[in-house]
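structure_37.tsv (TSV, C-alpha atoms and all ligand atoms)
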```tsv
chain	number	residue	atom	x	y	z
A	1	MET	CA	19.55	13.27	19.16
A	2	THR	CA	17.47	15.26	21.66
A	3	GLU	CA	13.87	14.49	22.55
A	4	GLN	CA	11.59	14.74	19.54
A	5	LEU	CA	9.57	17.87	19.10
A	6	THR	CA	5.90	16.93	19.30
A	7	VAL	CA	3.72	18.73	16.83
A	8	ARG	CA	0.05	17.97	16.92
A	9	ASN	CA	-2.28	19.48	14.35
A	10	GLU	CA	-5.34	21.00	15.99
A	11	THR	CA	-8.53	19.33	14.89
A	12	SER	CA	-12.10	19.92	16.09
A	13	VAL	CA	-12.64	16.18	16.52
A	14	PRO	CA	-10.01	13.43	16.79
A	15	ILE	CA	-8.71	12.07	13.48
A	16	LEU	CA	-6.17	9.32	12.76
A	17	ASP	CA	-2.94	9.92	14.69
A	18	ALA	CA	-0.82	9.69	11.56
A	19	LEU	CA	-2.86	12.54	10.05
A	20	SER	CA	-2.90	14.81	13.06
A	21	ASP	CA	0.78	14.16	13.79
A	22	ARG	CA	1.97	14.69	10.22
A	23	TRP	CA	4.09	17.71	9.42
A	24	SER	CA	7.06	18.41	7.17
A	25	PRO	CA	10.34	18.91	9.04
A	26	ARG	CA	13.57	20.03	7.42
A	27	GLY	CA	15.72	18.78	10.27
A	28	PHE	CA	16.50	15.11	9.61
A	29	ASP	CA	18.77	12.68	11.43
A	30	ALA	CA	21.72	12.09	9.11
A	31	ASP	CA	22.59	8.86	10.97
A	32	HIS	CA	19.18	7.28	10.57
A	33	ALA	CA	18.94	4.37	8.15
A	34	ILE	CA	15.50	3.36	7.00
A	35	SER	CA	14.68	-0.32	7.64
A	36	ASP	CA	13.83	-2.62	4.76
A	37	GLU	CA	10.34	-3.16	6.13
A	38	ASP	CA	9.63	0.59	6.47
A	39	LEU	CA	11.02	1.16	3.00
A	40	THR	CA	8.85	-1.52	1.43
A	41	ALA	CA	5.76	-0.43	3.39
A	42	ILE	CA	6.10	3.16	2.18
A	43	PHE	CA	6.11	2.06	-1.45
A	44	GLU	CA	3.30	-0.46	-0.90
A	45	ALA	CA	1.18	2.37	0.55
A	46	GLY	CA	1.84	4.47	-2.54
A	47	ARG	CA	1.20	1.57	-4.89
A	48	TRP	CA	-2.30	1.05	-3.47
A	49	ALA	CA	-3.38	4.66	-3.89
A	50	PRO	CA	-6.41	5.13	-6.14
A	51	SER	CA	-6.07	6.58	-9.64
A	52	ALA	CA	-8.50	7.62	-12.37
A	53	SER	CA	-9.77	4.43	-14.09
A	54	ASN	CA	-6.88	2.67	-12.31
A	55	THR	CA	-4.50	4.06	-14.94
A	56	GLN	CA	-1.68	4.29	-12.35
A	57	PRO	CA	0.26	7.05	-14.13
A	58	THR	CA	2.72	7.48	-11.24
A	59	THR	CA	6.17	5.86	-11.12
A	60	LEU	CA	8.53	6.45	-8.21
A	61	VAL	CA	12.31	6.47	-8.49
A	62	ALA	CA	14.05	6.44	-5.14
A	63	GLY	CA	17.38	6.04	-3.43
A	64	VAL	CA	18.39	5.74	0.20
A	65	ARG	CA	21.13	8.09	1.44
A	66	GLY	CA	24.54	6.95	0.20
A	67	THR	CA	23.29	5.62	-3.13
A	68	ALA	CA	23.90	7.07	-6.58
A	69	THR	CA	20.15	7.59	-7.07
A	70	PHE	CA	19.92	9.63	-3.86
A	71	ASP	CA	22.82	11.78	-5.05
A	72	ARG	CA	21.33	12.18	-8.52
A	73	ILE	CA	17.99	13.37	-7.11
A	74	TYR	CA	19.63	15.56	-4.47
A	75	GLY	CA	21.86	17.22	-7.09
A	76	THR	CA	18.83	18.62	-8.92
A	77	LEU	CA	17.21	20.31	-5.90
A	78	MET	CA	17.02	24.07	-5.67
A	79	ASP	CA	19.34	25.79	-3.21
A	80	PHE	CA	16.74	26.23	-0.48
A	81	ASN	CA	16.20	22.45	-0.45
A	82	LEU	CA	19.89	21.54	-0.87
A	83	ALA	CA	20.36	23.18	2.52
A	84	TRP	CA	18.62	20.38	4.39
A	85	ALA	CA	17.58	17.43	2.19
A	86	ASP	CA	21.02	15.74	2.27
A	87	ARG	CA	20.24	14.54	5.82
A	88	ALA	CA	17.09	12.65	4.75
A	89	SER	CA	17.22	8.85	4.78
A	90	LEU	CA	15.46	8.48	1.45
A	91	LEU	CA	14.69	10.68	-1.54
A	92	ILE	CA	11.82	9.77	-3.82
A	93	ALA	CA	11.24	11.31	-7.22
A	94	VAL	CA	7.53	11.23	-8.11
A	95	THR	CA	7.14	11.00	-11.87
A	96	VAL	CA	4.00	10.90	-14.00
A	97	GLU	CA	2.95	9.86	-17.47
A	98	HIS	CA	0.65	12.54	-18.91
A	99	GLU	CA	-0.45	10.64	-22.00
A	100	ARG	CA	-0.89	6.99	-22.91
A	101	ASP	CA	-1.72	5.55	-26.34
A	102	GLY	CA	-2.34	9.06	-27.65
A	103	LYS	CA	-4.87	9.84	-24.90
A	104	ALA	CA	-4.29	12.44	-22.21
A	105	LEU	CA	-4.27	11.11	-18.65
A	106	ARG	CA	-6.21	14.08	-17.35
A	107	TRP	CA	-5.89	13.30	-13.66
A	108	ALA	CA	-2.25	12.18	-13.72
A	109	GLU	CA	-0.99	14.84	-11.32
A	110	TYR	CA	-3.99	14.43	-9.06
A	111	ASP	CA	-3.27	10.69	-8.96
A	112	ALA	CA	0.39	11.38	-8.13
A	113	GLY	CA	-0.77	13.53	-5.23
A	114	ALA	CA	-2.78	10.61	-3.89
A	115	VAL	CA	0.34	8.42	-4.04
A	116	ALA	CA	2.28	11.05	-2.11
A	117	ALA	CA	-0.47	11.38	0.50
A	118	HIS	CA	-0.72	7.63	1.02
A	119	LEU	CA	2.99	7.06	1.39
A	120	SER	CA	3.40	10.09	3.65
A	121	ILE	CA	0.81	8.79	6.05
A	122	GLU	CA	2.31	5.28	6.04
A	123	ALA	CA	5.73	6.81	6.81
A	124	GLN	CA	4.22	8.94	9.58
A	125	SER	CA	2.50	5.93	11.14
A	126	ARG	CA	5.96	4.29	11.31
A	127	GLY	CA	7.50	7.18	13.21
A	128	LEU	CA	9.10	8.69	10.12
A	129	HIS	CA	8.51	12.07	8.52
A	130	THR	CA	8.17	13.19	4.93
A	131	HIS	CA	8.81	16.52	3.27
A	132	GLN	CA	7.53	17.06	-0.25
A	133	MET	CA	9.38	19.41	-2.59
A	134	GLY	CA	8.48	21.21	-5.77
A	135	GLY	CA	11.79	23.06	-5.60
A	136	PHE	CA	13.96	21.10	-8.03
A	137	HIS	CA	15.11	21.52	-11.63
A	138	VAL	CA	12.65	19.49	-13.69
A	139	ASP	CA	14.75	18.95	-16.81
A	140	ALA	CA	17.86	18.19	-14.77
A	141	LEU	CA	16.01	15.56	-12.73
A	142	ALA	CA	14.48	13.95	-15.83
A	143	GLU	CA	17.96	13.76	-17.32
A	144	ALA	CA	19.69	12.57	-14.14
A	145	LEU	CA	17.20	9.71	-13.82
A	146	GLU	CA	17.15	9.02	-17.56
A	147	LEU	CA	13.36	9.18	-17.56
A	148	PRO	CA	11.76	7.95	-20.78
A	149	ALA	CA	10.08	10.54	-23.01
A	150	GLY	CA	6.58	11.30	-21.73
A	151	ARG	CA	7.43	10.89	-18.06
A	152	THR	CA	7.86	14.06	-16.01
A	153	PRO	CA	9.05	14.52	-12.44
A	154	ILE	CA	6.38	16.28	-10.38
A	155	THR	CA	7.79	16.35	-6.87
A	156	VAL	CA	10.60	14.99	-4.74
A	157	ILE	CA	9.80	13.57	-1.31
A	158	ALA	CA	12.35	13.42	1.48
A	159	VAL	CA	11.73	10.72	4.08
A	160	GLY	CA	13.57	10.33	7.36
A	161	GLN	CA	13.60	10.69	11.08
A	162	HIS	CA	13.13	14.14	12.50
A	163	ASP	CA	16.13	15.57	14.35
A	164	ASP	CA	15.86	18.71	16.46
A	165	SER	CA	19.33	18.41	17.99
A	166	ASP	CA	22.11	20.92	17.36
A	167	ALA	CA	23.45	18.63	14.63
A	168	VAL	CA	20.85	20.51	12.59
A	169	SER	CA	21.55	24.17	11.83
A	170	GLU	CA	19.88	26.77	14.00
A	171	GLN	CA	18.17	28.25	10.97
A	172	ILE	CA	16.57	24.92	10.05
A	173	ARG	CA	15.54	24.28	13.66
A	174	ALA	CA	13.93	27.72	13.81
A	175	ARG	CA	11.94	26.95	10.66
A	176	ASP	CA	10.88	23.61	12.12
A	177	THR	CA	9.47	25.27	15.22
A	178	SER	CA	7.78	28.16	13.43
A	179	PRO	CA	3.97	28.11	13.65
A	180	ARG	CA	2.04	26.12	11.06
A	181	SER	CA	-1.52	27.00	10.22
A	182	ARG	CA	-4.51	26.06	8.12
A	183	ARG	CA	-7.60	27.83	6.86
A	184	GLU	CA	-10.58	27.42	9.15
A	185	LEU	CA	-12.69	24.32	8.53
A	186	THR	CA	-15.69	26.50	7.59
A	187	ASP	CA	-13.61	28.29	4.97
A	188	PHE	CA	-11.98	25.09	3.70
A	189	ALA	CA	-15.23	23.14	3.26
A	190	SER	CA	-18.83	24.17	2.77
A	191	ILE	CA	-20.88	21.37	4.29
A	192	GLU	CA	-24.64	20.90	4.23
A	193	ARG	CA	-25.71	18.53	7.01
B	201	LIG	C1	3.68	20.02	-3.96
B	201	LIG	C2	4.47	20.52	-2.78
B	201	LIG	C3	5.66	21.20	-3.01
B	201	LIG	C4	6.44	21.64	-1.92
B	201	LIG	N1	7.67	22.20	-2.16
B	201	LIG	C5	8.50	22.46	-1.12
B	201	LIG	C6	9.86	22.83	-1.34
B	201	LIG	O1	10.35	22.89	-2.47
B	201	LIG	N2	10.63	23.08	-0.25
B	201	LIG	C7	10.15	23.00	1.02
B	201	LIG	O2	10.92	23.23	1.96
B	201	LIG	N3	8.88	22.63	1.26
B	201	LIG	C8	8.04	22.34	0.23
B	201	LIG	N4	6.76	21.88	0.47
B	201	LIG	C9	6.29	21.72	1.85
B	201	LIG	C10	5.18	22.70	2.18
B	201	LIG	O3	5.71	24.00	2.32
B	201	LIG	C11	4.45	22.23	3.45
B	201	LIG	O4	3.84	21.00	3.20
B	201	LIG	C12	3.39	23.24	3.87
B	201	LIG	O5	4.00	24.43	4.33
B	201	LIG	C13	2.50	22.70	4.98
B	201	LIG	O6	3.28	22.30	6.08
B	201	LIG	P1	3.16	20.85	6.70
B	201	LIG	O7	3.47	19.85	5.62
B	201	LIG	O8	4.17	20.83	7.81
B	201	LIG	O9	1.75	20.68	7.18
B	201	LIG	C14	5.97	21.44	-0.59
B	201	LIG	C15	4.76	20.77	-0.39
B	201	LIG	C16	4.03	20.30	-1.45
B	201	LIG	C17	2.76	19.51	-1.19
```
Once more with this new file: its structure as structure tokens, please.
Ligand SMILES: Cc1cc2nc3c(=O)[nH]c(=O)nc-3n(C[C@H](O)[C@H](O)[C@H](O)COP(=O)(O)O)c2cc1C
Amino acid sequence: MTEQLTVRNETSVPILDALSDRWSPRGFDADHAISDEDLTAIFEAGRWAPSASNTQPTTLVAGVRGTATFDRIYGTLMDFNLAWADRASLLIAVTVEHERDGKALRWAEYDAGAVAAHLSIEAQSRGLHTHQMGGFHVDALAEALELPAGRTPITVIAVGQHDDSDAVSEQIRARDTSPRSRRELTDFASIER
């Protein structure tokens, strides 16, 4: 593997390193194996995310590369994600329960987003990267994971170590080095001080 590409998000004041360093590569190191401690920490970070009335509607189903669960999740990705996600060390399916005891869990997807954010930042702080995906076949993933009725997959998250060596296709490397941007802070947030 060559020297890691350093991407630093521009911020007007310093923020936590894991936040300003976070980005979503597609080039992953296919030889990297995630340690047990990193693996557990990532899920602990997600578990402690807040949720509306602490309803915790999110359940994660995950497999490290080489397992049947990894292959099941990978097999339901759309083509543009199949092209790179096989090199990730871990694939996580984020699933949510939209209703419980006949009552809608109105913030279920919002809560799932918080889980994803928490675990992404924990992974980043451990020198790993995450890449969230909406590009998968929902019914196929629900079936592949034998999800119970009422639980829907919302996203898939690839976790691994970034690789910018020529083991990764030129096309993927080009995408990984293409500029990333955000709306201006003043457009993103209206703040009265
Ligand atoms: C809900 C969600 C769905 C996404 N779906 C895909 C996807 O299917 N394939 C992909 O390559 N990237 C996907 N992304 C990654 C985004 O394109 C990426 O986060 C965005 O461009 C910002 O880049 P950054 O994460 O590097 O800051 C998704 C991100 C989110 C949060």
- Task: List all protein, DNA and RNA residues that have an atom no more than 8 Å from any atom of ligand LIG 201 (chain B), counting all atoms listed in the file, and report them as a list in words.
- Result: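 Using all atoms listed in the file, everything at most 8 Å from ligand LIG 201 (chain B) comes to Arg22, Trp23, Ser24, Pro25, Arg26, Met78, Phe80, Asn81, Gly113, His131, Gln132, Met133, Gly134, Gly135, Phe136, Ile154, Thr155, Arg180 and Ser181 of chain A.
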How would the residues just chosen look if you wrote them out with C-alpha atoms as a PDB file, keeping the file's coordinate frame?
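Result went into out19.pdb, see below:
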```pdb
ATOM      1  CA  ARG A  22       1.970  14.690  10.220  1.00  0.00           C
ATOM      2  CA  TRP A  23       4.090  17.710   9.420  1.00  0.00           C
ATOM      3  CA  SER A  24       7.060  18.410   7.170  1.00  0.00           C
ATOM      4  CA  PRO A  25      10.340  18.910   9.040  1.00  0.00           C
ATOM      5  CA  ARG A  26      13.570  20.030   7.420  1.00  0.00           C
ATOM      6  CA  MET A  78      17.020  24.070  -5.670  1.00  0.00           C
ATOM      7  CA  PHE A  80      16.740  26.230  -0.480  1.00  0.00           C
ATOM      8  CA  ASN A  81      16.200  22.450  -0.450  1.00  0.00           C
ATOM      9  CA  GLY A 113      -0.770  13.530  -5.230  1.00  0.00           C
ATOM     10  CA  HIS A 131       8.810  16.520   3.270  1.00  0.00           C
ATOM     11  CA  GLN A 132       7.530  17.060  -0.250  1.00  0.00           C
ATOM     12  CA  MET A 133       9.380  19.410  -2.590  1.00  0.00           C
ATOM     13  CA  GLY A 134       8.480  21.210  -5.770  1.00  0.00           C
ATOM     14  CA  GLY A 135      11.790  23.060  -5.600  1.00  0.00           C
ATOM     15  CA  PHE A 136      13.960  21.100  -8.030  1.00  0.00           C
ATOM     16  CA  ILE A 154       6.380  16.280 -10.380  1.00  0.00           C
ATOM     17  CA  THR A 155       7.790  16.350  -6.870  1.00  0.00           C
ATOM     18  CA  ARG A 180       2.040  26.120  11.060  1.00  0.00           C
ATOM     19  CA  SER A 181      -1.520  27.000  10.220  1.00  0.00           C
TER      20      SER A 181
END
```
- Excluding same-chain residues fewer than 6 positions from stretch 138-142 of chain A, what lies within 10 Å of it counting all atoms listed in the file, as a list of chain:residue names?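 My list of contacting residues is A:Arg72, A:Ile73, A:Tyr74, A:Gly75, A:Thr76, A:Leu77, A:Ala93, A:Thr95, A:Pro148, A:Ala149, A:Arg151, A:Thr152, A:Pro153, A:Ile154, A:Thr155, A:Val156.
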- Query: In terms of the shortest atom-to-atom distance over only C-alpha atoms, which of A:Glu184, A:Gly66, A:Leu145, A:Ile172 is closest to A:Thr11?
  - Reply: A:Glu184
- Query: What lies within 10 Å of A:Ser125 using only C-alpha atoms, ignoring chain neighbours under 4 positions off, as a PyMOL selection string?
  - Reply: chain A and resi 16-19+21-22+119-121+129
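Going from atom CA of A:Val64 to atom CA of A:Leu90 covers 4.2 Å.
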- Query: Rounded to one decimal in Å, what is the spacing between atom CA of A:Ala88 and atom CA of A:Thr67?
  - Reply: 12.2 Å
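If all atoms listed in the file are the atoms counted, then among A:Ser35, A:Asp101, A:Pro179, A:Arg193 the closest residue to A:Asn9 is A:Pro179.
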- One residue among A:Ile15, A:Asn54, A:Asp29, A:Trp48 is nearest to A:Ala167 when using all atoms listed in the file, and that residue is A:Asp29
- Query: Could you name the residues that touch A:Arg87 at 10 Å or less, counting all atoms listed in the file, but leaving out those on the same chain fewer than 5 positions away, as number ranges by chain?
  - Reply: A: 26-32, 65, 82, 158-163, 168
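Closest approach to A:His118 among A:Asp36, A:Glu99, A:Glu44, A:Asp176 is made by A:Glu44 (distances from only C-alpha atoms).
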